[in-house]
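Below is one structure, written out as structure tokens, with a few remarks after it.
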Amino acid sequence: MAEVYNYQKALKQDIVIRKISEDMTLPVGISVKPAIIFFSSIAVIYLIFHVPLQAFYHTNSDLGKLVYVGAYIGLPTGIVTLSNKVKPDGLGLVQYAISIATFGIKRILNRTVYYHDRVLPTGYFEASHMADTPVIIEERRQDEQS
């Protein structure tokens, strides 16, 4: 009888770039997900903060160099570190963002949405699924018990 192999662990492995071409190899492998997060965060920081950083650099050039390094190297490094540590719903941030986007697209297109292998009915999040009557728990003191 053939043994069943679980491919889930193999497919969850990060893609790592170690060789650029036939002649060039990197001394350390670079994971693709953190690299994409790093460079995309640099692009977002550039689009949002470039003009204020440039104005700050022109008023104070010595401190402006440190601010540039902190903004373009420190912030993306912190974002990558945070994205590696934070696991909402047990997923990485990229997978979590993709799941939220696909959920939103399915809701817009009125497609069936599954959550933990169960179908969510239409209007599930619009209706309240909590109890309407509040439950009050009172604590009894020692002197009242005797």
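Letters for chains follow the order of the structure tokens (A, B, ...), residue numbers begin at 1 for each chain, and ligand numbers begin at 1 in the order shown.
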
Can I get the residues of range 73-125 of chain A within 10 Å of range 19-33 of chain A, each with the closest pair of atoms and their distance in Å to one decimal, using only C-alpha atoms, sorted chain first then ascending number, as JSON lines?
```
{"residue": "A:Val80", "atom": "CA", "partner": "A:Lys33", "partner_atom": "CA", "distance": 9.2}
{"residue": "A:Ser83", "atom": "CA", "partner": "A:Lys33", "partner_atom": "CA", "distance": 10.0}
{"residue": "A:Asn84", "atom": "CA", "partner": "A:Lys33", "partner_atom": "CA", "distance": 9.7}
{"residue": "A:Val94", "atom": "CA", "partner": "A:Lys33", "partner_atom": "CA", "distance": 8.3}
```

Residues of range 13-42 of chain A in strand (DSSP E), written as JSON, numbers by chain: {"A": [16, 17, 18, 19, 25, 26, 27, 28, 29, 30, 31]}

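Coordinates place CA of Tyr72 in chain A at a distance of 9.7 Å from CA of Phe39 in chain A.
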
As a ChimeraX atom specification, please: the residues near Phe103 in chain A (cut-off 8 Å, only C-alpha atoms, same-chain neighbours under 4 positions excluded). /A:99,107,113

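Across the model, the gap from CA of Ala43 in chain A to CA of Tyr57 in chain A is 18.9 Å.
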
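Residue nearest Lys12 in chain A, chosen from A:Arg118, A:Ile36, A:Leu91, A:Ile108 and counting only C-alpha atoms: A:Leu91.
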
Excluding Tyr46 in chain A and any residue of its chain fewer than 3 positions from it, enumerate the residues within 12 Å of it, using only C-alpha atoms, and give them as a PDB file with C-alpha atoms, in the first residue's frame.
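Final file, result12.pdb:
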```pdb
ATOM      1  CA  PHE A  39      10.162  47.241  -1.366  1.00  0.00           C
ATOM      2  CA  SER A  40       6.429  47.915  -1.448  1.00  0.00           C
ATOM      3  CA  SER A  41       6.662  49.673   1.934  1.00  0.00           C
ATOM      4  CA  ILE A  42       9.530  51.789   0.571  1.00  0.00           C
ATOM      5  CA  ALA A  43       7.298  52.757  -2.371  1.00  0.00           C
ATOM      6  CA  PHE A  49       6.345  61.087   3.029  1.00  0.00           C
ATOM      7  CA  HIS A  50       8.751  62.228   0.282  1.00  0.00           C
ATOM      8  CA  VAL A  51       7.656  65.870   0.160  1.00  0.00           C
ATOM      9  CA  PRO A  52       7.674  66.385   3.975  1.00  0.00           C
ATOM     10  CA  LEU A  53      11.028  64.583   4.254  1.00  0.00           C
ATOM     11  CA  GLN A  54      12.486  66.713   1.491  1.00  0.00           C
ATOM     12  CA  TYR A  68      15.968  59.794   5.515  1.00  0.00           C
ATOM     13  CA  ALA A  71      12.315  56.559   6.978  1.00  0.00           C
ATOM     14  CA  TYR A  72      13.620  54.566   4.028  1.00  0.00           C
ATOM     15  CA  ILE A  73      15.555  51.811   5.839  1.00  0.00           C
ATOM     16  CA  LEU A  75      10.536  51.872   8.798  1.00  0.00           C
ATOM     17  CA  PRO A  76      10.474  49.183   6.080  1.00  0.00           C
TER      18      PRO A  76
END
```
